[in-house]
$ cat target-v8.pdb   # PDB, C-alpha atoms, pLDDT in the B column
ATOM      1  CA  MET A   1     -18.233 -22.480  12.150  1.00 47.00           C
ATOM      2  CA  PRO A   2     -17.403 -22.711  15.892  1.00 50.00           C
ATOM      3  CA  ASP A   3     -14.448 -24.985  15.068  1.00 54.00           C
ATOM      4  CA  PHE A   4     -13.044 -22.252  12.816  1.00 54.00           C
ATOM      5  CA  PHE A   5     -13.249 -19.722  15.664  1.00 55.00           C
ATOM      6  CA  ASN A   6     -11.638 -22.128  18.130  1.00 56.00           C
ATOM      7  CA  ILE A   7      -8.739 -22.674  15.757  1.00 57.00           C
ATOM      8  CA  LEU A   8      -8.234 -18.918  15.306  1.00 56.00           C
ATOM      9  CA  SER A   9      -8.107 -18.294  19.044  1.00 59.00           C
ATOM     10  CA  SER A  10      -5.538 -21.061  19.557  1.00 71.00           C
ATOM     11  CA  SER A  11      -1.765 -20.732  19.362  1.00 77.00           C
ATOM     12  CA  ALA A  12      -1.797 -22.095  15.801  1.00 80.00           C
ATOM     13  CA  GLY A  13      -4.402 -19.505  14.864  1.00 80.00           C
ATOM     14  CA  LEU A  14      -2.274 -16.708  16.300  1.00 85.00           C
ATOM     15  CA  ILE A  15       0.715 -17.949  14.323  1.00 89.00           C
ATOM     16  CA  VAL A  16      -1.389 -17.829  11.155  1.00 89.00           C
ATOM     17  CA  PHE A  17      -2.557 -14.337  12.150  1.00 91.00           C
ATOM     18  CA  PHE A  18       1.016 -13.080  12.439  1.00 92.00           C
ATOM     19  CA  LEU A  19       2.047 -14.804   9.210  1.00 93.00           C
ATOM     20  CA  VAL A  20      -0.781 -12.997   7.413  1.00 94.00           C
ATOM     21  CA  LEU A  21       0.361  -9.682   8.915  1.00 94.00           C
ATOM     22  CA  ILE A  22       3.909 -10.341   7.677  1.00 93.00           C
ATOM     23  CA  ALA A  23       2.624 -11.404   4.247  1.00 92.00           C
ATOM     24  CA  GLY A  24       0.693  -8.143   4.103  1.00 92.00           C
ATOM     25  CA  MET A  25       3.954  -6.250   4.534  1.00 90.00           C
ATOM     26  CA  PHE A  26       5.706  -8.216   1.822  1.00 85.00           C
ATOM     27  CA  ILE A  27       3.035  -7.656  -0.830  1.00 83.00           C
ATOM     28  CA  ILE A  28       2.997  -3.852  -0.478  1.00 83.00           C
ATOM     29  CA  PRO A  29       6.062  -3.211  -2.696  1.00 77.00           C
ATOM     30  CA  PHE A  30       4.277  -5.121  -5.459  1.00 71.00           C
ATOM     31  CA  GLY A  31       1.454  -2.581  -5.515  1.00 72.00           C
ATOM     32  CA  LEU A  32      -0.974  -4.794  -3.610  1.00 75.00           C
ATOM     33  CA  PRO A  33      -3.084  -3.626  -0.649  1.00 83.00           C
ATOM     34  CA  GLY A  34      -1.174  -5.362   2.123  1.00 90.00           C
ATOM     35  CA  THR A  35      -2.432  -3.044   4.849  1.00 94.00           C
ATOM     36  CA  PHE A  36      -6.008  -4.020   4.022  1.00 94.00           C
ATOM     37  CA  LEU A  37      -4.996  -7.681   4.310  1.00 94.00           C
ATOM     38  CA  GLN A  38      -3.663  -6.863   7.773  1.00 96.00           C
ATOM     39  CA  VAL A  39      -6.920  -5.120   8.712  1.00 96.00           C
ATOM     40  CA  ALA A  40      -8.917  -8.124   7.480  1.00 95.00           C
ATOM     41  CA  ALA A  41      -6.767 -10.460   9.599  1.00 94.00           C
ATOM     42  CA  ALA A  42      -7.327  -8.265  12.669  1.00 95.00           C
ATOM     43  CA  ALA A  43     -11.083  -8.171  11.994  1.00 94.00           C
ATOM     44  CA  ILE A  44     -11.213 -11.961  11.688  1.00 92.00           C
ATOM     45  CA  LEU A  45      -9.243 -12.367  14.935  1.00 92.00           C
ATOM     46  CA  ALA A  46     -11.521  -9.871  16.706  1.00 92.00           C
ATOM     47  CA  THR A  47     -14.565 -11.788  15.481  1.00 90.00           C
ATOM     48  CA  ALA A  48     -13.119 -15.203  16.331  1.00 87.00           C
ATOM     49  CA  THR A  49     -12.121 -14.201  19.852  1.00 86.00           C
ATOM     50  CA  HIS A  50     -15.126 -11.944  20.518  1.00 87.00           C
ATOM     51  CA  GLY A  51     -12.740  -9.050  21.005  1.00 86.00           C
ATOM     52  CA  THR A  52     -10.667 -10.718  23.703  1.00 86.00           C
ATOM     53  CA  LYS A  53      -7.385 -10.851  21.747  1.00 89.00           C
ATOM     54  CA  ILE A  54      -7.839  -7.631  19.786  1.00 92.00           C
ATOM     55  CA  THR A  55     -10.690  -5.160  20.103  1.00 93.00           C
ATOM     56  CA  TRP A  56     -12.780  -3.610  17.362  1.00 95.00           C
ATOM     57  CA  GLY A  57     -11.352  -0.240  18.371  1.00 95.00           C
ATOM     58  CA  TRP A  58      -7.932  -1.452  17.270  1.00 95.00           C
ATOM     59  CA  VAL A  59      -9.346  -2.877  14.063  1.00 96.00           C
ATOM     60  CA  LEU A  60     -10.866   0.535  13.267  1.00 97.00           C
ATOM     61  CA  ALA A  61      -7.576   2.270  14.121  1.00 97.00           C
ATOM     62  CA  PHE A  62      -5.750  -0.101  11.759  1.00 97.00           C
ATOM     63  CA  LEU A  63      -8.369   0.573   9.071  1.00 96.00           C
ATOM     64  CA  LEU A  64      -7.804   4.314   9.418  1.00 97.00           C
ATOM     65  CA  MET A  65      -4.041   3.785   9.153  1.00 96.00           C
ATOM     66  CA  ALA A  66      -4.522   1.612   6.057  1.00 95.00           C
ATOM     67  CA  LEU A  67      -6.722   4.239   4.403  1.00 95.00           C
ATOM     68  CA  ILE A  68      -4.129   6.936   5.119  1.00 95.00           C
ATOM     69  CA  GLY A  69      -1.393   4.716   3.686  1.00 93.00           C
ATOM     70  CA  GLU A  70      -3.394   4.037   0.528  1.00 87.00           C
ATOM     71  CA  ALA A  71      -4.107   7.748   0.055  1.00 89.00           C
ATOM     72  CA  ILE A  72      -0.440   8.631   0.499  1.00 90.00           C
ATOM     73  CA  GLU A  73       0.681   5.964  -1.943  1.00 83.00           C
ATOM     74  CA  PHE A  74      -2.010   7.011  -4.415  1.00 78.00           C
ATOM     75  CA  MET A  75      -1.004  10.687  -4.370  1.00 83.00           C
ATOM     76  CA  SER A  76       2.776  10.331  -3.963  1.00 84.00           C
ATOM     77  CA  GLY A  77       3.574  10.135  -7.678  1.00 79.00           C
ATOM     78  CA  GLN A  78       1.694  13.373  -8.250  1.00 78.00           C
ATOM     79  CA  TRP A  79       3.556  15.027  -5.397  1.00 83.00           C
ATOM     80  CA  GLY A  80       6.930  13.918  -6.786  1.00 83.00           C
ATOM     81  CA  ALA A  81       6.154  15.214 -10.262  1.00 80.00           C
ATOM     82  CA  LYS A  82       5.136  18.619  -8.902  1.00 79.00           C
ATOM     83  CA  ARG A  83       8.109  18.736  -6.517  1.00 82.00           C
ATOM     84  CA  PHE A  84      10.514  18.309  -9.431  1.00 82.00           C
ATOM     85  CA  GLY A  85       9.025  21.166 -11.403  1.00 80.00           C
ATOM     86  CA  GLY A  86       6.187  19.413 -13.165  1.00 80.00           C
ATOM     87  CA  SER A  87       2.920  20.992 -14.155  1.00 81.00           C
ATOM     88  CA  LYS A  88      -0.554  19.867 -13.120  1.00 81.00           C
ATOM     89  CA  ALA A  89      -0.648  17.884 -16.356  1.00 84.00           C
ATOM     90  CA  ALA A  90       2.552  16.076 -15.311  1.00 82.00           C
ATOM     91  CA  ALA A  91       1.088  15.305 -11.891  1.00 81.00           C
ATOM     92  CA  TRP A  92      -2.097  13.902 -13.414  1.00 83.00           C
ATOM     93  CA  GLY A  93      -0.039  12.022 -15.977  1.00 84.00           C
ATOM     94  CA  ALA A  94       1.965  10.412 -13.162  1.00 83.00           C
ATOM     95  CA  LEU A  95      -1.203   9.357 -11.377  1.00 80.00           C
ATOM     96  CA  ILE A  96      -2.953   7.992 -14.449  1.00 83.00           C
ATOM     97  CA  GLY A  97       0.214   6.374 -15.832  1.00 84.00           C
ATOM     98  CA  GLY A  98       0.901   4.633 -12.516  1.00 80.00           C
ATOM     99  CA  LEU A  99      -2.639   3.288 -12.306  1.00 78.00           C
ATOM    100  CA  LEU A 100      -2.642   2.089 -15.905  1.00 82.00           C
ATOM    101  CA  GLY A 101       0.779   0.529 -15.455  1.00 80.00           C
ATOM    102  CA  ALA A 102      -0.361  -1.341 -12.361  1.00 76.00           C
ATOM    103  CA  MET A 103      -3.548  -2.547 -14.063  1.00 76.00           C
ATOM    104  CA  PHE A 104      -1.984  -3.696 -17.323  1.00 77.00           C
ATOM    105  CA  GLY A 105       1.529  -4.470 -16.120  1.00 73.00           C
ATOM    106  CA  GLY A 106       0.863  -8.165 -15.779  1.00 68.00           C
ATOM    107  CA  ILE A 107      -0.040  -8.301 -19.462  1.00 72.00           C
ATOM    108  CA  LEU A 108       2.929  -6.248 -20.653  1.00 70.00           C
ATOM    109  CA  ILE A 109       5.462  -7.864 -18.325  1.00 69.00           C
ATOM    110  CA  PRO A 110       4.207 -11.437 -17.799  1.00 69.00           C
ATOM    111  CA  ILE A 111       5.829 -12.005 -14.419  1.00 69.00           C
ATOM    112  CA  PRO A 112       3.138 -12.413 -11.739  1.00 66.00           C
ATOM    113  CA  VAL A 113       2.918  -9.437  -9.369  1.00 64.00           C
ATOM    114  CA  ILE A 114       6.369  -8.123 -10.299  1.00 71.00           C
ATOM    115  CA  GLY A 115       5.147  -7.177 -13.775  1.00 75.00           C
ATOM    116  CA  SER A 116       2.486  -4.914 -12.291  1.00 74.00           C
ATOM    117  CA  LEU A 117       4.987  -3.337  -9.900  1.00 75.00           C
ATOM    118  CA  ILE A 118       7.534  -2.584 -12.597  1.00 79.00           C
ATOM    119  CA  ALA A 119       4.856  -1.353 -14.988  1.00 80.00           C
ATOM    120  CA  SER A 120       3.360   0.948 -12.341  1.00 79.00           C
ATOM    121  CA  PHE A 121       6.714   2.702 -11.910  1.00 81.00           C
ATOM    122  CA  ILE A 122       7.244   2.858 -15.680  1.00 84.00           C
ATOM    123  CA  GLY A 123       3.700   4.189 -16.104  1.00 83.00           C
ATOM    124  CA  THR A 124       4.258   6.806 -13.411  1.00 83.00           C
ATOM    125  CA  PHE A 125       7.441   7.977 -15.131  1.00 84.00           C
ATOM    126  CA  ALA A 126       5.994   7.945 -18.652  1.00 84.00           C
ATOM    127  CA  GLY A 127       2.752   9.601 -17.580  1.00 84.00           C
ATOM    128  CA  ALA A 128       4.580  12.442 -15.835  1.00 84.00           C
ATOM    129  CA  VAL A 129       6.888  13.036 -18.803  1.00 84.00           C
ATOM    130  CA  TYR A 130       3.989  12.873 -21.271  1.00 83.00           C
ATOM    131  CA  GLY A 131       1.874  15.243 -19.185  1.00 84.00           C
ATOM    132  CA  GLN A 132       4.739  17.706 -18.932  1.00 82.00           C
ATOM    133  CA  MET A 133       5.363  17.512 -22.669  1.00 82.00           C
ATOM    134  CA  ARG A 134       1.661  18.236 -23.338  1.00 79.00           C
ATOM    135  CA  ALA A 135       1.752  21.226 -20.994  1.00 80.00           C
ATOM    136  CA  ASN A 136       4.991  22.665 -22.472  1.00 76.00           C
ATOM    137  CA  GLN A 137       4.828  21.724 -26.126  1.00 72.00           C
ATOM    138  CA  GLU A 138       7.640  23.963 -27.273  1.00 58.00           C
ATOM    139  CA  GLN A 139      10.173  22.835 -24.662  1.00 64.00           C
ATOM    140  CA  PRO A 140      12.330  19.685 -24.817  1.00 64.00           C
ATOM    141  CA  MET A 141      11.360  16.557 -22.929  1.00 63.00           C
ATOM    142  CA  ASN A 142      11.812  16.910 -19.157  1.00 67.00           C
ATOM    143  CA  LEU A 143      12.917  13.569 -17.708  1.00 76.00           C
ATOM    144  CA  ARG A 144      13.511  15.205 -14.331  1.00 78.00           C
ATOM    145  CA  VAL A 145       9.746  15.382 -13.805  1.00 82.00           C
ATOM    146  CA  GLY A 146       9.437  11.662 -14.513  1.00 82.00           C
ATOM    147  CA  PHE A 147      12.227  10.893 -12.060  1.00 81.00           C
ATOM    148  CA  GLY A 148      10.449  13.013  -9.437  1.00 83.00           C
ATOM    149  CA  ALA A 149       7.210  11.115  -9.991  1.00 83.00           C
ATOM    150  CA  VAL A 150       8.950   7.755  -9.553  1.00 83.00           C
ATOM    151  CA  LEU A 151      10.791   9.007  -6.476  1.00 87.00           C
ATOM    152  CA  GLY A 152       7.504  10.252  -5.022  1.00 85.00           C
ATOM    153  CA  ARG A 153       5.872   6.904  -5.667  1.00 83.00           C
ATOM    154  CA  ALA A 154       8.782   5.092  -3.996  1.00 86.00           C
ATOM    155  CA  ILE A 155       8.426   7.364  -0.963  1.00 90.00           C
ATOM    156  CA  GLY A 156       4.704   6.587  -0.876  1.00 88.00           C
ATOM    157  CA  VAL A 157       5.415   2.851  -0.890  1.00 87.00           C
ATOM    158  CA  ALA A 158       7.979   3.322   1.910  1.00 91.00           C
ATOM    159  CA  ILE A 159       5.449   5.214   4.028  1.00 93.00           C
ATOM    160  CA  LYS A 160       2.867   2.501   3.436  1.00 92.00           C
ATOM    161  CA  LEU A 161       5.429  -0.123   4.486  1.00 92.00           C
ATOM    162  CA  PHE A 162       6.070   1.861   7.670  1.00 95.00           C
ATOM    163  CA  ILE A 163       2.336   1.869   8.387  1.00 96.00           C
ATOM    164  CA  ALA A 164       2.188  -1.900   7.808  1.00 95.00           C
ATOM    165  CA  LEU A 165       5.127  -2.397  10.184  1.00 95.00           C
ATOM    166  CA  THR A 166       3.359  -0.244  12.766  1.00 95.00           C
ATOM    167  CA  ILE A 167       0.224  -2.384  12.441  1.00 96.00           C
ATOM    168  CA  LEU A 168       2.331  -5.540  12.844  1.00 95.00           C
ATOM    169  CA  ILE A 169       4.160  -4.282  15.943  1.00 95.00           C
ATOM    170  CA  ALA A 170       0.992  -2.865  17.528  1.00 95.00           C
ATOM    171  CA  SER A 171      -0.829  -6.149  16.884  1.00 94.00           C
ATOM    172  CA  ALA A 172       2.004  -8.118  18.469  1.00 92.00           C
ATOM    173  CA  VAL A 173       2.009  -5.931  21.563  1.00 93.00           C
ATOM    174  CA  ILE A 174      -1.798  -6.001  21.854  1.00 93.00           C
ATOM    175  CA  VAL A 175      -2.268  -9.724  21.260  1.00 90.00           C
ATOM    176  CA  LEU A 176       0.750 -10.987  23.168  1.00 86.00           C
ATOM    177  CA  THR A 177       0.254  -8.778  26.247  1.00 87.00           C
ATOM    178  CA  HIS A 178      -3.506  -9.292  26.471  1.00 77.00           C
ATOM    179  CA  LYS A 179      -4.520 -11.926  28.998  1.00 65.00           C
TER
END
$ encode --input "target-v8.pdb" --output "structure tokens"
Amino acid sequence: MPDFFNILSSSAGLIVFFLVLIAGMFIIPFGLPGTFLQVAAAAILATATHGTKITWGWVLAFLLMALIGEAIEFMSGQWGAKRFGGSKAAAWGALIGGLLGAMFGGILIPIPVIGSLIASFIGTFAGAVYGQMRANQEQPMNLRVGFGAVLGRAIGVAIKLFIALTILIASAVIVLTHK
């Protein structure tokens, strides 16, 4: 195991560290937990370098940021549905539809990763519209609520990407300026 730690603290190891941070950013739009991948990379670097390249305090700060990003992304579809006039049923429909779409999207749309992403947005839309229809049975279908749910989800993904970029930049400053 010491050889593994020596490799991670070398220049090649730091290049791999930054490549993992960048990969974490790129997988976020596909509904994958890229910020947690970034946190794991920081934790491994902190362990490998005994906290000399990046401290555990920073790893915990990144973990907190990742948790906030996940919560925002998780709730953003609900927020969008409500913001566009949806009921509580529409908000819950957006949340449940997005989760189901992400889970089963690879089966319905057999394109790795992209199928889950597309299906999560479709599920968010359909869930919000269905929930709104259940809440207001006598009114016509309200597609505006579905659009709001998808817009909210897109905003949540954008915020999570911003958090991932912040983790990447902070890591670069910390690691590259630390002696």
$ resolve_selection --input "target-v8.pdb" --expression "the PyMOL selection byres ((chain A and resi 26-38) around 7)" --output "ChimeraX atom specification"
/A:20-25,39-42,66,113-114,117,157,161,164
$ atom_distance --input "target-v8.pdb" --atom1 "CA of Ala43 in chain A" --atom2 "CA of Ser120 in chain A"
29.7 Å
$ atom_distance --input "target-v8.pdb" --atom1 "CA of Thr166 in chain A" --atom2 "CA of Glu70 in chain A"
14.6 Å
$ resolve_selection --input "target-v8.pdb" --expression "the PyMOL selection byres ((chain A and resi 123-132) around 10)" --output "number ranges by chain"
A: 77-78, 80-82, 85-102, 104-105, 116-122, 133-137, 139-153
$ write_last_selection --input "target-v8.pdb" --atoms "C-alpha atoms" --output "PDB file, in the frame of the given file"
ATOM      1  CA  GLY A  77       3.574  10.135  -7.678  1.00 79.00           C
ATOM      2  CA  GLN A  78       1.694  13.373  -8.250  1.00 78.00           C
ATOM      3  CA  GLY A  80       6.930  13.918  -6.786  1.00 83.00           C
ATOM      4  CA  ALA A  81       6.154  15.214 -10.262  1.00 80.00           C
ATOM      5  CA  LYS A  82       5.136  18.619  -8.902  1.00 79.00           C
ATOM      6  CA  GLY A  85       9.025  21.166 -11.403  1.00 80.00           C
ATOM      7  CA  GLY A  86       6.187  19.413 -13.165  1.00 80.00           C
ATOM      8  CA  SER A  87       2.920  20.992 -14.155  1.00 81.00           C
ATOM      9  CA  LYS A  88      -0.554  19.867 -13.120  1.00 81.00           C
ATOM     10  CA  ALA A  89      -0.648  17.884 -16.356  1.00 84.00           C
ATOM     11  CA  ALA A  90       2.552  16.076 -15.311  1.00 82.00           C
ATOM     12  CA  ALA A  91       1.088  15.305 -11.891  1.00 81.00           C
ATOM     13  CA  TRP A  92      -2.097  13.902 -13.414  1.00 83.00           C
ATOM     14  CA  GLY A  93      -0.039  12.022 -15.977  1.00 84.00           C
ATOM     15  CA  ALA A  94       1.965  10.412 -13.162  1.00 83.00           C
ATOM     16  CA  LEU A  95      -1.203   9.357 -11.377  1.00 80.00           C
ATOM     17  CA  ILE A  96      -2.953   7.992 -14.449  1.00 83.00           C
ATOM     18  CA  GLY A  97       0.214   6.374 -15.832  1.00 84.00           C
ATOM     19  CA  GLY A  98       0.901   4.633 -12.516  1.00 80.00           C
ATOM     20  CA  LEU A  99      -2.639   3.288 -12.306  1.00 78.00           C
ATOM     21  CA  LEU A 100      -2.642   2.089 -15.905  1.00 82.00           C
ATOM     22  CA  GLY A 101       0.779   0.529 -15.455  1.00 80.00           C
ATOM     23  CA  ALA A 102      -0.361  -1.341 -12.361  1.00 76.00           C
ATOM     24  CA  PHE A 104      -1.984  -3.696 -17.323  1.00 77.00           C
ATOM     25  CA  GLY A 105       1.529  -4.470 -16.120  1.00 73.00           C
ATOM     26  CA  SER A 116       2.486  -4.914 -12.291  1.00 74.00           C
ATOM     27  CA  LEU A 117       4.987  -3.337  -9.900  1.00 75.00           C
ATOM     28  CA  ILE A 118       7.534  -2.584 -12.597  1.00 79.00           C
ATOM     29  CA  ALA A 119       4.856  -1.353 -14.988  1.00 80.00           C
ATOM     30  CA  SER A 120       3.360   0.948 -12.341  1.00 79.00           C
ATOM     31  CA  PHE A 121       6.714   2.702 -11.910  1.00 81.00           C
ATOM     32  CA  ILE A 122       7.244   2.858 -15.680  1.00 84.00           C
ATOM     33  CA  MET A 133       5.363  17.512 -22.669  1.00 82.00           C
ATOM     34  CA  ARG A 134       1.661  18.236 -23.338  1.00 79.00           C
ATOM     35  CA  ALA A 135       1.752  21.226 -20.994  1.00 80.00           C
ATOM     36  CA  ASN A 136       4.991  22.665 -22.472  1.00 76.00           C
ATOM     37  CA  GLN A 137       4.828  21.724 -26.126  1.00 72.00           C
ATOM     38  CA  GLN A 139      10.173  22.835 -24.662  1.00 64.00           C
ATOM     39  CA  PRO A 140      12.330  19.685 -24.817  1.00 64.00           C
ATOM     40  CA  MET A 141      11.360  16.557 -22.929  1.00 63.00           C
ATOM     41  CA  ASN A 142      11.812  16.910 -19.157  1.00 67.00           C
ATOM     42  CA  LEU A 143      12.917  13.569 -17.708  1.00 76.00           C
ATOM     43  CA  ARG A 144      13.511  15.205 -14.331  1.00 78.00           C
ATOM     44  CA  VAL A 145       9.746  15.382 -13.805  1.00 82.00           C
ATOM     45  CA  GLY A 146       9.437  11.662 -14.513  1.00 82.00           C
ATOM     46  CA  PHE A 147      12.227  10.893 -12.060  1.00 81.00           C
ATOM     47  CA  GLY A 148      10.449  13.013  -9.437  1.00 83.00           C
ATOM     48  CA  ALA A 149       7.210  11.115  -9.991  1.00 83.00           C
ATOM     49  CA  VAL A 150       8.950   7.755  -9.553  1.00 83.00           C
ATOM     50  CA  LEU A 151      10.791   9.007  -6.476  1.00 87.00           C
ATOM     51  CA  GLY A 152       7.504  10.252  -5.022  1.00 85.00           C
ATOM     52  CA  ARG A 153       5.872   6.904  -5.667  1.00 83.00           C
TER      53      ARG A 153
END
$ atom_distance --input "target-v8.pdb" --atom1 "CA of Ile159 in chain A" --atom2 "CA of Phe62 in chain A"
14.6 Å
$ resolve_selection --input "target-v8.pdb" --expression "the PyMOL selection byres ((chain A and resi 14) around 12)" --output "PyMOL selection string"
chain A and resi 5-13+15-21+41-42+44-46+48-49+53-54+171-172+175-176
$ build_atoms --input "target-v8.pdb" --residues "range 79-101 of chain A" --atoms "N, CA, C and O atoms" --output "short mmCIF file (atom, residue, chain, number, x, y, z; two decimals), in the coordinates of the input"
data_model
loop_
_atom_site.label_atom_id
_atom_site.label_comp_id
_atom_site.auth_asym_id
_atom_site.auth_seq_id
_atom_site.Cartn_x
_atom_site.Cartn_y
_atom_site.Cartn_z
N TRP A 79 2.74 14.14 -6.21
CA TRP A 79 3.56 15.03 -5.40
C TRP A 79 4.98 15.10 -5.94
O TRP A 79 5.55 16.18 -6.06
N GLY A 80 5.57 13.95 -6.27
CA GLY A 80 6.93 13.92 -6.79
C GLY A 80 7.07 14.67 -8.10
O GLY A 80 8.05 15.39 -8.32
N ALA A 81 6.10 14.51 -8.98
CA ALA A 81 6.15 15.21 -10.26
C ALA A 81 6.11 16.72 -10.05
O ALA A 81 6.90 17.47 -10.65
N LYS A 82 5.23 17.18 -9.18
CA LYS A 82 5.14 18.62 -8.90
C LYS A 82 6.40 19.13 -8.21
O LYS A 82 6.89 20.21 -8.52
N ARG A 83 6.92 18.34 -7.29
CA ARG A 83 8.11 18.74 -6.52
C ARG A 83 9.33 18.94 -7.42
O ARG A 83 10.19 19.74 -7.13
N PHE A 84 9.39 18.20 -8.50
CA PHE A 84 10.51 18.31 -9.43
C PHE A 84 10.19 19.22 -10.61
O PHE A 84 10.75 19.06 -11.69
N GLY A 85 9.28 20.14 -10.40
CA GLY A 85 9.02 21.17 -11.40
C GLY A 85 7.96 20.83 -12.42
O GLY A 85 7.82 21.54 -13.42
N GLY A 86 7.21 19.80 -12.21
CA GLY A 86 6.19 19.41 -13.16
C GLY A 86 4.93 20.25 -13.04
O GLY A 86 4.64 20.82 -12.00
N SER A 87 4.19 20.28 -14.11
CA SER A 87 2.92 20.99 -14.16
C SER A 87 1.81 20.11 -13.57
O SER A 87 2.04 18.96 -13.21
N LYS A 88 0.60 20.67 -13.54
CA LYS A 88 -0.55 19.87 -13.12
C LYS A 88 -0.76 18.71 -14.08
O LYS A 88 -1.14 17.61 -13.67
N ALA A 89 -0.50 18.96 -15.36
CA ALA A 89 -0.65 17.88 -16.36
C ALA A 89 0.34 16.76 -16.08
O ALA A 89 0.01 15.58 -16.23
N ALA A 90 1.56 17.10 -15.65
CA ALA A 90 2.55 16.08 -15.31
C ALA A 90 2.11 15.28 -14.09
O ALA A 90 2.26 14.05 -14.04
N ALA A 91 1.55 15.98 -13.10
CA ALA A 91 1.09 15.30 -11.89
C ALA A 91 -0.05 14.33 -12.22
O ALA A 91 -0.05 13.19 -11.76
N TRP A 92 -1.00 14.79 -13.02
CA TRP A 92 -2.10 13.90 -13.41
C TRP A 92 -1.59 12.77 -14.29
O TRP A 92 -2.07 11.64 -14.20
N GLY A 93 -0.63 13.07 -15.15
CA GLY A 93 -0.04 12.02 -15.98
C GLY A 93 0.63 10.95 -15.14
O GLY A 93 0.52 9.75 -15.43
N ALA A 94 1.32 11.37 -14.06
CA ALA A 94 1.96 10.41 -13.16
C ALA A 94 0.93 9.52 -12.50
O ALA A 94 1.09 8.29 -12.41
N LEU A 95 -0.15 10.12 -12.04
CA LEU A 95 -1.20 9.36 -11.38
C LEU A 95 -1.86 8.36 -12.34
O LEU A 95 -1.95 7.17 -12.04
N ILE A 96 -2.27 8.85 -13.48
CA ILE A 96 -2.95 7.99 -14.45
C ILE A 96 -2.01 6.94 -15.01
O ILE A 96 -2.36 5.76 -15.13
N GLY A 97 -0.77 7.33 -15.32
CA GLY A 97 0.21 6.37 -15.83
C GLY A 97 0.52 5.27 -14.83
O GLY A 97 0.64 4.10 -15.20
N GLY A 98 0.64 5.64 -13.55
CA GLY A 98 0.90 4.63 -12.52
C GLY A 98 -0.24 3.65 -12.37
O GLY A 98 -0.03 2.44 -12.24
N LEU A 99 -1.47 4.18 -12.41
CA LEU A 99 -2.64 3.29 -12.31
C LEU A 99 -2.74 2.36 -13.51
O LEU A 99 -2.98 1.15 -13.36
N LEU A 100 -2.57 2.92 -14.70
CA LEU A 100 -2.64 2.09 -15.90
C LEU A 100 -1.52 1.05 -15.92
O LEU A 100 -1.74 -0.10 -16.31
N GLY A 101 -0.34 1.47 -15.51
CA GLY A 101 0.78 0.53 -15.46
C GLY A 101 0.51 -0.62 -14.50
O GLY A 101 0.77 -1.78 -14.81
#
